[in-house]
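Engineer: Contents of data-v3.tsv (TSV, C-alpha atoms) are below:
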```
chain	number	residue	atom	x	y	z
A	15	MET	CA	34.33	-0.28	17.39
A	16	SER	CA	36.50	1.19	20.11
A	17	ALA	CA	35.01	4.66	20.29
A	18	SER	CA	34.98	6.71	23.46
A	19	PRO	CA	32.73	4.94	26.01
A	20	LEU	CA	31.18	8.25	27.13
A	21	LEU	CA	30.34	9.02	23.52
A	22	LEU	CA	28.66	5.64	23.11
A	23	GLU	CA	26.78	6.19	26.37
A	24	LEU	CA	25.46	9.52	25.10
A	25	VAL	CA	24.35	7.91	21.82
A	26	GLU	CA	22.49	5.28	23.85
A	27	ALA	CA	20.97	7.83	26.25
A	28	LEU	CA	19.66	9.99	23.40
A	29	ARG	CA	17.53	7.08	22.25
A	30	CYS	CA	15.12	7.62	25.16
A	31	MET	CA	13.56	10.28	22.93
A	32	PRO	CA	10.76	9.18	20.61
A	33	GLY	CA	11.71	9.25	16.94
A	34	ILE	CA	15.47	9.16	17.62
A	35	GLY	CA	17.11	5.99	16.32
A	36	ARG	CA	20.78	4.98	16.44
A	37	LYS	CA	21.77	6.94	13.36
A	38	SER	CA	20.10	10.19	14.48
A	39	ALA	CA	21.55	9.75	17.97
A	40	GLN	CA	25.05	9.48	16.49
A	41	ARG	CA	24.52	12.53	14.32
A	42	ILE	CA	23.25	14.54	17.31
A	43	THR	CA	26.17	13.38	19.48
A	44	TYR	CA	28.81	14.41	16.94
A	45	HIS	CA	27.04	17.69	16.28
A	46	LEU	CA	26.84	18.62	19.96
A	47	LEU	CA	30.46	17.64	20.71
A	48	GLN	CA	31.81	19.38	17.65
A	49	ARG	CA	29.70	22.51	17.44
A	50	ASN	CA	27.45	23.08	20.41
A	51	ARG	CA	28.80	22.03	23.81
A	52	ASP	CA	27.09	25.00	25.41
A	53	GLY	CA	23.77	23.89	23.98
A	54	ALA	CA	24.36	20.39	25.35
A	55	ARG	CA	25.12	21.79	28.82
A	56	LYS	CA	21.95	23.88	28.74
A	57	LEU	CA	19.94	20.87	27.59
A	58	SER	CA	21.38	18.74	30.40
A	59	ARG	CA	20.35	21.39	32.94
A	60	ALA	CA	16.88	21.88	31.39
A	61	LEU	CA	16.19	18.14	31.44
A	62	LEU	CA	17.08	17.85	35.10
A	63	ASP	CA	15.17	21.00	36.07
A	64	ALA	CA	12.11	19.74	34.24
A	65	VAL	CA	11.97	16.18	35.57
A	66	ASP	CA	12.84	17.24	39.11
A	67	ASN	CA	10.40	20.13	39.37
A	68	ILE	CA	7.49	19.53	37.06
A	69	GLY	CA	4.62	17.67	38.68
A	70	HIS	CA	0.88	17.84	38.12
A	71	CYS	CA	-1.54	20.67	38.89
A	72	GLU	CA	-3.75	19.54	41.78
A	73	ARG	CA	-6.81	20.97	40.10
A	74	CYS	CA	-6.55	20.10	36.39
A	75	ARG	CA	-3.70	17.51	36.49
A	76	THR	CA	-1.70	19.14	33.68
A	77	PHE	CA	2.08	19.48	33.97
A	78	SER	CA	2.99	22.26	36.37
A	79	GLU	CA	5.84	23.17	38.66
A	80	ASP	CA	3.35	24.89	40.99
A	81	ARG	CA	0.72	23.20	43.14
A	82	ILE	CA	-1.96	24.91	41.04
A	83	CYS	CA	-1.02	25.73	37.43
A	84	ALA	CA	-1.02	29.28	36.03
A	85	LEU	CA	-4.08	28.53	33.92
A	86	CYS	CA	-6.18	27.34	36.85
A	87	GLN	CA	-5.02	30.32	38.94
A	88	SER	CA	-5.86	32.87	36.25
A	89	SER	CA	-8.81	35.18	36.92
A	90	LYS	CA	-9.26	35.77	33.21
A	91	ARG	CA	-10.67	32.35	32.39
A	92	ASP	CA	-14.29	31.36	31.98
A	93	ASN	CA	-14.86	29.05	34.97
A	94	SER	CA	-18.15	27.79	33.61
A	95	LEU	CA	-16.52	25.88	30.72
A	96	LEU	CA	-14.41	22.79	31.40
A	97	CYS	CA	-12.64	21.11	28.49
A	98	ILE	CA	-11.53	17.52	29.12
A	99	VAL	CA	-8.46	16.32	27.21
A	100	GLU	CA	-6.22	13.27	27.36
A	101	SER	CA	-2.80	14.92	27.64
A	102	PRO	CA	-1.03	18.20	28.43
A	103	ALA	CA	-0.06	18.42	24.75
A	104	ASP	CA	-3.78	18.54	23.91
A	105	VAL	CA	-4.22	21.55	26.24
A	106	TYR	CA	-1.73	23.39	24.06
A	107	VAL	CA	-3.69	22.63	20.88
A	108	VAL	CA	-7.07	23.62	22.35
A	109	GLU	CA	-5.50	26.76	23.85
A	110	GLU	CA	-4.16	27.77	20.43
A	111	SER	CA	-7.71	27.60	19.05
A	112	GLY	CA	-8.72	30.49	21.30
A	113	PHE	CA	-10.66	28.52	23.95
A	114	ARG	CA	-10.74	30.49	27.21
A	115	GLY	CA	-12.35	28.11	29.68
A	116	LEU	CA	-10.56	25.73	32.03
A	117	TYR	CA	-9.17	22.26	31.42
A	118	PHE	CA	-9.08	18.87	33.02
A	119	VAL	CA	-6.30	16.56	31.86
A	120	LEU	CA	-6.92	12.83	32.16
A	121	MET	CA	-3.26	11.87	31.48
A	122	GLY	CA	-4.51	8.94	29.42
A	123	HIS	CA	-7.75	7.23	28.51
A	124	LEU	CA	-9.78	4.33	29.85
A	125	SER	CA	-8.12	1.11	28.77
A	126	PRO	CA	-9.25	-1.93	30.79
A	127	LEU	CA	-6.79	-4.21	28.96
A	128	ASP	CA	-3.87	-2.06	30.18
A	129	GLY	CA	-5.44	-1.85	33.63
A	130	ILE	CA	-6.27	1.85	33.30
A	131	GLY	CA	-9.56	2.53	35.09
A	132	PRO	CA	-11.48	5.67	36.14
A	133	GLU	CA	-9.36	6.19	39.27
A	134	ASP	CA	-6.15	6.36	37.15
A	135	LEU	CA	-7.64	9.19	35.13
A	136	GLY	CA	-8.38	11.24	38.24
A	137	LEU	CA	-12.13	11.05	37.73
A	138	ASP	CA	-12.62	11.40	41.51
A	139	THR	CA	-10.83	14.76	41.31
A	140	LEU	CA	-13.07	15.65	38.37
A	141	GLU	CA	-16.14	14.71	40.42
A	142	GLN	CA	-15.05	17.08	43.22
A	143	LEU	CA	-14.42	19.82	40.68
A	144	LEU	CA	-17.92	19.46	39.26
A	145	ALA	CA	-19.38	19.38	42.80
A	146	GLU	CA	-17.92	22.85	43.45
A	147	GLY	CA	-20.74	24.11	41.24
A	148	GLU	CA	-18.84	26.57	39.05
A	149	VAL	CA	-18.76	24.44	35.92
A	150	GLY	CA	-21.83	24.77	33.70
A	151	GLU	CA	-20.71	22.80	30.66
A	152	VAL	CA	-18.21	20.00	30.18
A	153	ILE	CA	-16.66	19.76	26.69
A	154	LEU	CA	-15.22	16.35	25.87
A	155	ALA	CA	-12.11	16.61	23.69
A	156	THR	CA	-10.70	13.12	24.19
A	157	GLY	CA	-9.19	11.32	21.20
A	158	THR	CA	-11.05	9.73	18.31
A	159	THR	CA	-9.72	6.26	19.10
A	160	VAL	CA	-12.00	3.55	20.49
A	161	GLU	CA	-10.54	4.25	23.95
A	162	GLY	CA	-11.00	7.99	23.56
A	163	GLU	CA	-14.63	7.53	22.57
A	164	ALA	CA	-15.24	5.10	25.43
A	165	THR	CA	-13.69	7.57	27.87
A	166	ALA	CA	-15.88	10.38	26.51
A	167	HIS	CA	-18.95	8.17	26.89
A	168	PHE	CA	-18.05	7.21	30.47
A	169	ILE	CA	-17.50	10.82	31.52
A	170	SER	CA	-20.65	12.06	29.75
A	171	GLU	CA	-22.74	9.61	31.86
A	172	MET	CA	-21.01	10.90	34.98
A	173	VAL	CA	-21.72	14.54	34.08
A	174	HIS	CA	-25.33	13.83	33.12
A	175	LYS	CA	-25.97	12.45	36.61
A	176	LYS	CA	-24.98	15.86	37.97
A	177	ASN	CA	-27.48	17.56	35.65
A	178	LEU	CA	-24.76	19.56	33.90
A	179	ARG	CA	-24.47	20.16	30.17
A	180	VAL	CA	-21.96	17.99	28.38
A	181	SER	CA	-20.80	18.21	24.75
A	182	ARG	CA	-18.34	16.48	22.43
A	183	ILE	CA	-16.11	18.45	20.03
A	184	ALA	CA	-17.15	18.12	16.37
A	185	HIS	CA	-15.50	15.55	14.17
A	186	GLY	CA	-15.44	16.20	10.44
A	187	VAL	CA	-13.38	17.32	7.49
A	188	PRO	CA	-10.30	19.28	8.68
A	189	MET	CA	-9.96	22.88	7.47
A	190	GLY	CA	-7.87	23.10	4.32
A	191	GLY	CA	-8.24	19.35	3.84
A	192	GLU	CA	-9.21	18.08	0.42
A	193	LEU	CA	-12.34	15.95	0.33
A	194	GLU	CA	-10.55	13.52	-1.96
A	195	TYR	CA	-8.22	12.45	0.85
A	196	VAL	CA	-10.75	12.27	3.67
A	197	ASP	CA	-11.36	8.76	5.03
A	198	SER	CA	-14.90	7.33	5.11
A	199	SER	CA	-15.18	7.39	8.91
A	200	THR	CA	-14.35	11.11	9.05
A	201	MET	CA	-16.76	11.79	6.19
A	202	SER	CA	-19.61	9.92	7.87
A	203	HIS	CA	-19.02	12.03	11.01
A	204	ALA	CA	-18.98	15.17	8.84
A	205	ILE	CA	-22.31	14.27	7.27
A	206	ALA	CA	-23.96	13.15	10.50
A	207	GLY	CA	-22.79	16.38	12.15
A	208	ARG	CA	-23.94	18.69	9.33
A	209	ARG	CA	-25.42	22.07	10.27
A	210	GLU	CA	-28.30	23.83	8.61
A	211	LEU	CA	-27.33	27.11	6.96
B	3	MET	CA	0.04	30.16	26.31
B	4	SER	CA	0.74	29.99	30.03
B	5	ALA	CA	2.43	26.58	30.18
B	6	SER	CA	5.01	25.70	32.81
B	7	PRO	CA	8.13	27.88	32.22
B	8	LEU	CA	10.45	24.94	32.89
B	9	LEU	CA	8.59	22.92	30.29
B	10	LEU	CA	8.97	25.70	27.72
B	11	GLU	CA	12.65	25.97	28.60
B	12	LEU	CA	13.14	22.27	27.95
B	13	VAL	CA	11.35	22.54	24.59
B	14	GLU	CA	13.70	25.40	23.68
B	15	ALA	CA	16.81	23.59	24.92
B	16	LEU	CA	16.00	20.45	22.92
B	17	ARG	CA	16.23	22.50	19.75
B	18	CYS	CA	20.03	22.60	20.01
B	19	MET	CA	19.91	19.18	18.37
B	20	PRO	CA	20.04	19.05	14.58
B	21	GLY	CA	16.79	17.93	12.98
B	22	ILE	CA	14.67	18.76	16.04
B	23	GLY	CA	12.15	21.53	15.38
B	24	ARG	CA	9.59	23.04	17.75
B	25	LYS	CA	7.00	20.34	17.16
B	26	SER	CA	9.40	17.43	17.72
B	27	ALA	CA	10.81	19.18	20.79
B	28	GLN	CA	7.30	19.44	22.26
B	29	ARG	CA	6.57	15.81	21.51
B	30	ILE	CA	9.84	14.74	23.14
B	31	THR	CA	9.22	16.92	26.19
B	32	TYR	CA	5.75	15.51	26.82
B	33	HIS	CA	6.97	11.99	26.21
B	34	LEU	CA	9.85	12.29	28.67
B	35	LEU	CA	7.76	13.96	31.38
B	36	GLN	CA	4.89	11.53	30.99
B	37	ARG	CA	6.64	8.24	30.40
B	38	ASN	CA	10.38	8.35	30.84
B	39	ARG	CA	11.72	10.63	33.57
B	40	ASP	CA	14.46	8.12	34.32
B	41	GLY	CA	15.57	8.24	30.70
B	42	ALA	CA	15.62	12.04	30.84
B	43	ARG	CA	17.77	11.95	34.00
B	44	LYS	CA	20.20	9.53	32.37
B	45	LEU	CA	20.34	11.70	29.26
B	46	SER	CA	21.04	14.79	31.34
B	47	ARG	CA	23.94	12.98	33.05
B	48	ALA	CA	25.29	11.54	29.78
B	49	LEU	CA	25.27	14.96	28.09
B	50	LEU	CA	27.22	16.55	30.93
B	51	ASP	CA	29.67	13.65	31.20
B	52	ALA	CA	30.30	13.79	27.48
B	53	VAL	CA	30.84	17.52	27.04
B	54	ASP	CA	32.90	17.82	30.20
B	55	ASN	CA	35.17	14.85	29.59
B	56	ILE	CA	35.45	14.23	25.88
B	57	GLY	CA	38.32	16.07	24.25
B	58	HIS	CA	40.51	15.17	21.31
B	59	CYS	CA	43.12	12.41	21.03
B	60	GLU	CA	46.54	14.07	20.89
B	61	ARG	CA	47.65	11.73	18.14
B	62	CYS	CA	44.71	11.39	15.73
B	63	ARG	CA	42.48	14.25	16.94
B	64	THR	CA	39.32	12.13	17.15
B	65	PHE	CA	36.96	12.48	20.12
B	66	SER	CA	38.43	10.79	23.16
B	67	GLU	CA	38.22	11.08	26.94
B	68	ASP	CA	41.82	9.85	27.18
B	69	ARG	CA	44.91	11.73	26.11
B	70	ILE	CA	45.51	9.07	23.45
B	71	CYS	CA	42.40	7.27	22.16
B	72	ALA	CA	41.86	3.53	22.43
B	73	LEU	CA	42.39	3.08	18.71
B	74	CYS	CA	45.77	4.82	18.65
B	75	GLN	CA	46.83	2.87	21.76
B	76	SER	CA	45.85	-0.49	20.33
B	77	SER	CA	48.66	-2.86	19.40
B	78	LYS	CA	46.41	-4.72	16.97
B	79	ARG	CA	46.33	-1.98	14.33
B	80	ASP	CA	48.44	-1.71	11.19
B	81	ASN	CA	50.62	1.33	11.90
B	82	SER	CA	51.76	1.59	8.31
B	83	LEU	CA	48.33	2.68	7.03
B	84	LEU	CA	46.95	6.09	7.93
B	85	CYS	CA	43.44	7.00	6.81
B	86	ILE	CA	42.63	10.71	6.80
B	87	VAL	CA	39.00	11.68	7.39
B	88	GLU	CA	37.15	14.92	8.07
B	89	SER	CA	35.21	13.99	11.20
B	90	PRO	CA	34.99	11.43	14.03
B	91	ALA	CA	31.74	10.19	12.47
B	92	ASP	CA	33.71	9.24	9.37
B	93	VAL	CA	36.09	7.13	11.49
B	94	TYR	CA	33.06	5.08	12.50
B	95	VAL	CA	32.04	4.48	8.87
B	96	VAL	CA	35.56	3.51	7.73
B	97	GLU	CA	35.98	1.31	10.80
B	98	GLU	CA	32.75	-0.55	9.96
B	99	SER	CA	34.20	-1.35	6.51
B	100	GLY	CA	36.88	-3.49	8.15
B	101	PHE	CA	39.84	-1.08	7.80
B	102	ARG	CA	42.47	-1.90	10.42
B	103	GLY	CA	45.03	0.88	10.04
B	104	LEU	CA	45.12	4.12	12.00
B	105	TYR	CA	43.29	7.39	11.47
B	106	PHE	CA	43.90	11.07	11.43
B	107	VAL	CA	40.85	13.28	11.91
B	108	LEU	CA	40.97	16.78	10.42
B	109	MET	CA	37.84	17.99	12.28
B	110	GLY	CA	36.87	19.91	9.15
B	111	HIS	CA	38.23	20.71	5.71
B	112	LEU	CA	40.20	23.55	4.16
B	113	SER	CA	37.87	26.48	3.60
B	114	PRO	CA	39.67	29.78	3.08
B	115	LEU	CA	36.37	31.69	2.91
B	116	ASP	CA	35.51	30.53	6.44
B	117	GLY	CA	39.06	31.20	7.56
B	118	ILE	CA	39.90	27.51	7.99
B	119	GLY	CA	43.52	26.96	7.01
B	120	PRO	CA	46.03	24.06	7.35
B	121	GLU	CA	46.83	24.89	10.98
B	122	ASP	CA	43.13	24.55	11.97
B	123	LEU	CA	43.12	21.01	10.59
B	124	GLY	CA	46.13	20.01	12.69
B	125	LEU	CA	48.31	19.44	9.65
B	126	ASP	CA	51.36	20.26	11.78
B	127	THR	CA	50.43	17.33	14.04
B	128	LEU	CA	50.03	15.21	10.90
B	129	GLU	CA	53.46	16.27	9.71
B	130	GLN	CA	55.00	15.13	13.01
B	131	LEU	CA	53.13	11.83	12.79
B	132	LEU	CA	54.49	11.19	9.30
B	133	ALA	CA	58.00	12.19	10.43
B	134	GLU	CA	57.92	9.38	13.03
B	135	GLY	CA	58.49	7.07	10.07
B	136	GLU	CA	55.94	4.34	10.84
B	137	VAL	CA	53.38	5.36	8.24
B	138	GLY	CA	53.99	3.86	4.78
B	139	GLU	CA	50.77	4.90	3.03
B	140	VAL	CA	48.33	7.73	3.56
B	141	ILE	CA	44.75	7.06	2.41
B	142	LEU	CA	42.72	10.21	1.80
B	143	ALA	CA	39.06	9.73	2.72
B	144	THR	CA	37.97	13.37	2.87
B	145	GLY	CA	34.55	14.32	1.46
B	146	THR	CA	33.58	14.61	-2.17
B	147	THR	CA	32.77	18.30	-1.89
B	148	VAL	CA	34.98	20.93	-3.52
B	149	GLU	CA	36.52	21.63	-0.10
B	150	GLY	CA	37.06	17.93	0.58
B	151	GLU	CA	38.82	17.49	-2.78
B	152	ALA	CA	40.96	20.60	-2.21
B	153	THR	CA	41.91	19.29	1.23
B	154	ALA	CA	42.84	15.90	-0.24
B	155	HIS	CA	44.95	17.62	-2.91
B	156	PHE	CA	46.74	19.80	-0.34
B	157	ILE	CA	47.58	16.84	1.89
B	158	SER	CA	48.67	14.67	-1.03
B	159	GLU	CA	51.29	17.29	-1.99
B	160	MET	CA	52.48	17.36	1.60
B	161	VAL	CA	52.80	13.56	1.73
B	162	HIS	CA	54.53	13.36	-1.65
B	163	LYS	CA	57.27	15.66	-0.35
B	164	LYS	CA	58.02	13.08	2.32
B	165	ASN	CA	58.29	10.37	-0.35
B	166	LEU	CA	55.44	8.36	1.13
B	167	ARG	CA	52.67	6.63	-0.80
B	168	VAL	CA	49.37	8.47	-0.86
B	169	SER	CA	46.03	7.28	-2.24
B	170	ARG	CA	42.46	8.51	-2.52
B	171	ILE	CA	39.47	6.25	-1.81
B	172	ALA	CA	37.54	5.20	-4.92
B	173	HIS	CA	34.50	7.16	-6.00
B	174	GLY	CA	31.90	5.37	-8.09
B	175	VAL	CA	28.53	3.68	-8.13
B	176	PRO	CA	27.53	2.69	-4.57
B	177	MET	CA	26.91	-1.01	-3.91
B	178	GLY	CA	23.26	-1.92	-4.37
B	179	GLY	CA	22.69	1.38	-6.15
B	180	GLU	CA	20.75	1.33	-9.39
B	181	LEU	CA	22.57	2.81	-12.38
B	182	GLU	CA	19.40	4.61	-13.37
B	183	TYR	CA	19.63	6.88	-10.31
B	184	VAL	CA	23.37	7.58	-10.37
B	185	ASP	CA	24.30	11.21	-11.10
B	186	SER	CA	26.61	12.02	-14.00
B	187	SER	CA	29.52	13.14	-11.82
B	188	THR	CA	29.52	9.84	-9.92
B	189	MET	CA	29.25	7.91	-13.17
B	190	SER	CA	32.16	9.77	-14.74
B	191	HIS	CA	34.27	8.89	-11.66
B	192	ALA	CA	33.09	5.28	-11.94
B	193	ILE	CA	34.16	5.08	-15.58
B	194	ALA	CA	37.46	6.93	-15.09
B	195	GLY	CA	38.26	4.63	-12.16
B	196	ARG	CA	37.35	1.37	-13.96
B	197	ARG	CA	39.50	-1.69	-13.30
B	198	GLU	CA	40.51	-4.31	-15.78
B	199	LEU	CA	39.14	-7.79	-15.06
```
Just give me the structure of the file as structure tokens.

Structural biologist:
Amino acid sequence: MSASPLLLELVEALRCMPGIGRKSAQRITYHLLQRNRDGARKLSRALLDAVDNIGHCERCRTFSEDRICALCQSSKRDNSLLCIVESPADVYVVEESGFRGLYFVLMGHLSPLDGIGPEDLGLDTLEQLLAEGEVGEVILATGTTVEGEATAHFISEMVHKKNLRVSRIAHGVPMGGELEYVDSSTMSHAIAGRREL
Amino acid sequence: MSASPLLLELVEALRCMPGIGRKSAQRITYHLLQRNRDGARKLSRALLDAVDNIGHCERCRTFSEDRICALCQSSKRDNSLLCIVESPADVYVVEESGFRGLYFVLMGHLSPLDGIGPEDLGLDTLEQLLAEGEVGEVILATGTTVEGEATAHFISEMVHKKNLRVSRIAHGVPMGGELEYVDSSTMSHAIAGRREL
């Protein structure tokens, strides 16, 4: 196929995005060239701006173009609550739920096989944060995978040593979910975590 | 949500791509920032290179960064066959089938309601091409929509006036397709277009 080399390069470059295979990349390429060159220019600019300027907040480690992110700088947050999540995307989800405390983003989870230890998750930074004395309760919202659970366990031990309260978000039947389709592991969590009415 | 403004801008910019909604755009943004900044930089470059340099071949109107595309320049093609398609993406599909003639890309189809007439499809350029006298047969591979059929009909009249052969690609049951799932319009084309064995 003797198509334009720049076109083929763009098809190839688009595949750095998760969920975009060769066919989608081709469709996107033709669409942008034929109908939305302005959009493509803006996207090019936005990509470069983002990767060149977005780093990590020095306090909570989430993505931020400032040294300290807007959330950590805000005076409207409840400094006594610290929610620990695995990724910046998780911050977004917890934030949507109405949580108004602060966050700490691990940027991963403990995974000895992949060589990811406590220092890679910034747990020394977390230790300093807890030593400041403002945090009263740590809420663990790491994933429900084996690694997520192990990470939650590791951090809970660390927080206990400081005589602070530590909790884990509830696992159970999702809202709007039909019991019929709930897996047995979720159901056993839902039953074990039942609340008296 | 007080996320990084540059991050939100990137999420928004990614939505210029067809099939990418807000959720996918977020997932892509986090993925690129967290795991593939090099890929994002390359993509930014490839987008700009493509939209700034890719124009249309003066002969066949397909996407090309050269005045005349590689295909039209090639000496290995059969100049007597000219396949007419609606978009550069279609060239790719016909090319994959092993066709070795030349192409003419309409970059659309006749659509009076949208104000797309013969001049927008470069039919004057096509007329010149046919007048050069090299083309012996025009193969119409426009779409199977009403507009695609109307476009094919319009061009076939034009070619007939020049006393050249003109043909339409066959429509019928796709290879590997099960008869059970074939729609009635396709089946009626398949029966009308049957060949004696």

Engineer: To one decimal in Å, tell me the separation between CA of Pro32 (chain A) and CA of Tyr106 (chain A).

Structural biologist: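 For CA of Pro32 (chain A) relative to CA of Tyr106 (chain A), the distance reads 19.2 Å.
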
Engineer: Report, in Å to a single decimal, how far apart CA of Val187 (chain A) and CA of Ser199 (chain A) are.

Structural biologist: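 Straight-line distance from CA of Ser199 (chain A) to CA of Val187 (chain A) works out to 10.2 Å.
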
Engineer: Taking all atoms listed in the file into account, which of B:Pro176, B:Leu9, B:Val140, B:Pro114 comes nearest Pro102 (chain A)?

Structural biologist: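 Closest to Pro102 (chain A), using all atoms listed in the file: B:Leu9.
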
Engineer: With all atoms listed in the file considered, list every residue of chain B at most 8 Å from chain A, as number ranges by chain.

Structural biologist: B: 3-6, 8-9, 11-12, 15-16, 18-20, 28-30, 32-35, 38-39, 41-53, 56, 65-67, 71-73, 90-91, 94, 97-98

Engineer: Excluding same-chain residues fewer than 6 positions from Cys62 (chain B), what lies within 7 Å of it counting all atoms listed in the file, as number ranges by chain?

Structural biologist: B: 105-107

Engineer: Could you give me, as a PyMOL selection string, the residues that have an atom at most 12 Å away from the point (-8.0, 3.5, 27.0) in the coordinates of the file, using only C-alpha atoms?

Structural biologist: chain A and resi 100+120-132+134-135+156-168

Engineer: Please compute the CA of Ser170 (chain A)-CA of Arg75 (chain A) distance, one decimal, in Å.

Structural biologist: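 A separation of 19.0 Å between them.
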
Engineer: Would you kindly return, as number ranges by chain, each protein, DNA or RNA residue with an atom no farther than 9 Å from any atom of Ser82 (chain B), considering all atoms listed in the file and excluding same-chain residues fewer than 5 positions away?

Structural biologist: B: 103-104, 135-140

Engineer: Using C-alpha atoms, can you export the residues from the last selection as a compact mmCIF listing (two decimals), in the coordinates of the input?

Structural biologist:
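Writing the result to out_34.txt gives the following:
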```txt
# COMPACT_ATOMS: atom_id res chain seq x y z
CA GLY B 103 45.03 0.88 10.04
CA LEU B 104 45.12 4.12 12.00
CA GLY B 135 58.49 7.07 10.07
CA GLU B 136 55.94 4.34 10.84
CA VAL B 137 53.38 5.36 8.24
CA GLY B 138 53.99 3.86 4.78
CA GLU B 139 50.77 4.90 3.03
CA VAL B 140 48.33 7.73 3.56
```

Engineer: Taking all atoms of region 205-211 of chain A that appear in the file, build a box with edges along x, y and z, extend it by 3 Å on every side, and state its centre and edge lengths in Å to one decimal, as JSON.

Structural biologist:
```
{"center_x": -25.3, "center_y": 20.1, "center_z": 9.6, "size_x": 12.0, "size_y": 20.0, "size_z": 11.2}
```

Engineer: Taking the point (31.1, -4.0, 0.1) as given in the file, collect each protein or nucleic acid residue that comes within 10 Å of it, counting only C-alpha atoms, and present the set as a VMD selection string.

Structural biologist: chain B and resid 99 to 100 176 to 178

Engineer: What does the file look like for those residues with C-alpha atoms, as an mmCIF file, in the frame of the given file?

Structural biologist:
```cif
data_model
loop_
_atom_site.group_PDB
_atom_site.id
_atom_site.type_symbol
_atom_site.label_atom_id
_atom_site.label_comp_id
_atom_site.auth_asym_id
_atom_site.auth_seq_id
_atom_site.Cartn_x
_atom_site.Cartn_y
_atom_site.Cartn_z
ATOM 1 C CA SER B 99 34.200 -1.350 6.510
ATOM 2 C CA GLY B 100 36.880 -3.490 8.150
ATOM 3 C CA PRO B 176 27.530 2.690 -4.570
ATOM 4 C CA MET B 177 26.910 -1.010 -3.910
ATOM 5 C CA GLY B 178 23.260 -1.920 -4.370
#
```

Engineer: How would region 190-194 of chain B look with all heavy atoms restored, written as a PDB file, keeping the file's coordinate frame?

Structural biologist:
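selection-v8.pdb, written as the output of this step:
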```pdb
ATOM      1  N   SER B 190      30.902   9.492 -14.042  1.00  0.00           N
ATOM      2  CA  SER B 190      32.160   9.770 -14.740  1.00  0.00           C
ATOM      3  C   SER B 190      33.343   9.326 -13.877  1.00  0.00           C
ATOM      4  O   SER B 190      34.348   8.837 -14.387  1.00  0.00           O
ATOM      5  CB  SER B 190      32.251  11.250 -15.142  1.00  0.00           C
ATOM      6  OG  SER B 190      32.639  12.035 -14.055  1.00  0.00           O
ATOM      7  N   HIS B 191      33.223   9.435 -12.544  1.00  0.00           N
ATOM      8  CA  HIS B 191      34.270   8.890 -11.660  1.00  0.00           C
ATOM      9  C   HIS B 191      34.327   7.375 -11.787  1.00  0.00           C
ATOM     10  O   HIS B 191      35.404   6.779 -11.765  1.00  0.00           O
ATOM     11  CB  HIS B 191      33.963   9.235 -10.195  1.00  0.00           C
ATOM     12  CG  HIS B 191      34.544  10.545  -9.766  1.00  0.00           C
ATOM     13  ND1 HIS B 191      33.813  11.706  -9.735  1.00  0.00           N
ATOM     14  CD2 HIS B 191      35.798  10.895  -9.366  1.00  0.00           C
ATOM     15  CE1 HIS B 191      34.577  12.709  -9.330  1.00  0.00           C
ATOM     16  NE2 HIS B 191      35.777  12.237  -9.105  1.00  0.00           N
ATOM     17  N   ALA B 192      33.146   6.740 -11.881  1.00  0.00           N
ATOM     18  CA  ALA B 192      33.090   5.280 -11.940  1.00  0.00           C
ATOM     19  C   ALA B 192      33.757   4.779 -13.213  1.00  0.00           C
ATOM     20  O   ALA B 192      34.455   3.749 -13.212  1.00  0.00           O
ATOM     21  CB  ALA B 192      31.635   4.811 -11.886  1.00  0.00           C
ATOM     22  N   ILE B 193      33.565   5.507 -14.318  1.00  0.00           N
ATOM     23  CA  ILE B 193      34.160   5.080 -15.580  1.00  0.00           C
ATOM     24  C   ILE B 193      35.673   5.375 -15.600  1.00  0.00           C
ATOM     25  O   ILE B 193      36.480   4.529 -15.953  1.00  0.00           O
ATOM     26  CB  ILE B 193      33.434   5.763 -16.778  1.00  0.00           C
ATOM     27  CG1 ILE B 193      32.026   5.154 -16.871  1.00  0.00           C
ATOM     28  CG2 ILE B 193      34.216   5.561 -18.071  1.00  0.00           C
ATOM     29  CD1 ILE B 193      31.179   5.714 -17.983  1.00  0.00           C
ATOM     30  N   ALA B 194      36.045   6.565 -15.136  1.00  0.00           N
ATOM     31  CA  ALA B 194      37.460   6.930 -15.090  1.00  0.00           C
ATOM     32  C   ALA B 194      38.232   5.967 -14.174  1.00  0.00           C
ATOM     33  O   ALA B 194      39.391   5.657 -14.419  1.00  0.00           O
ATOM     34  CB  ALA B 194      37.629   8.357 -14.619  1.00  0.00           C
TER      35      ALA B 194
END
```
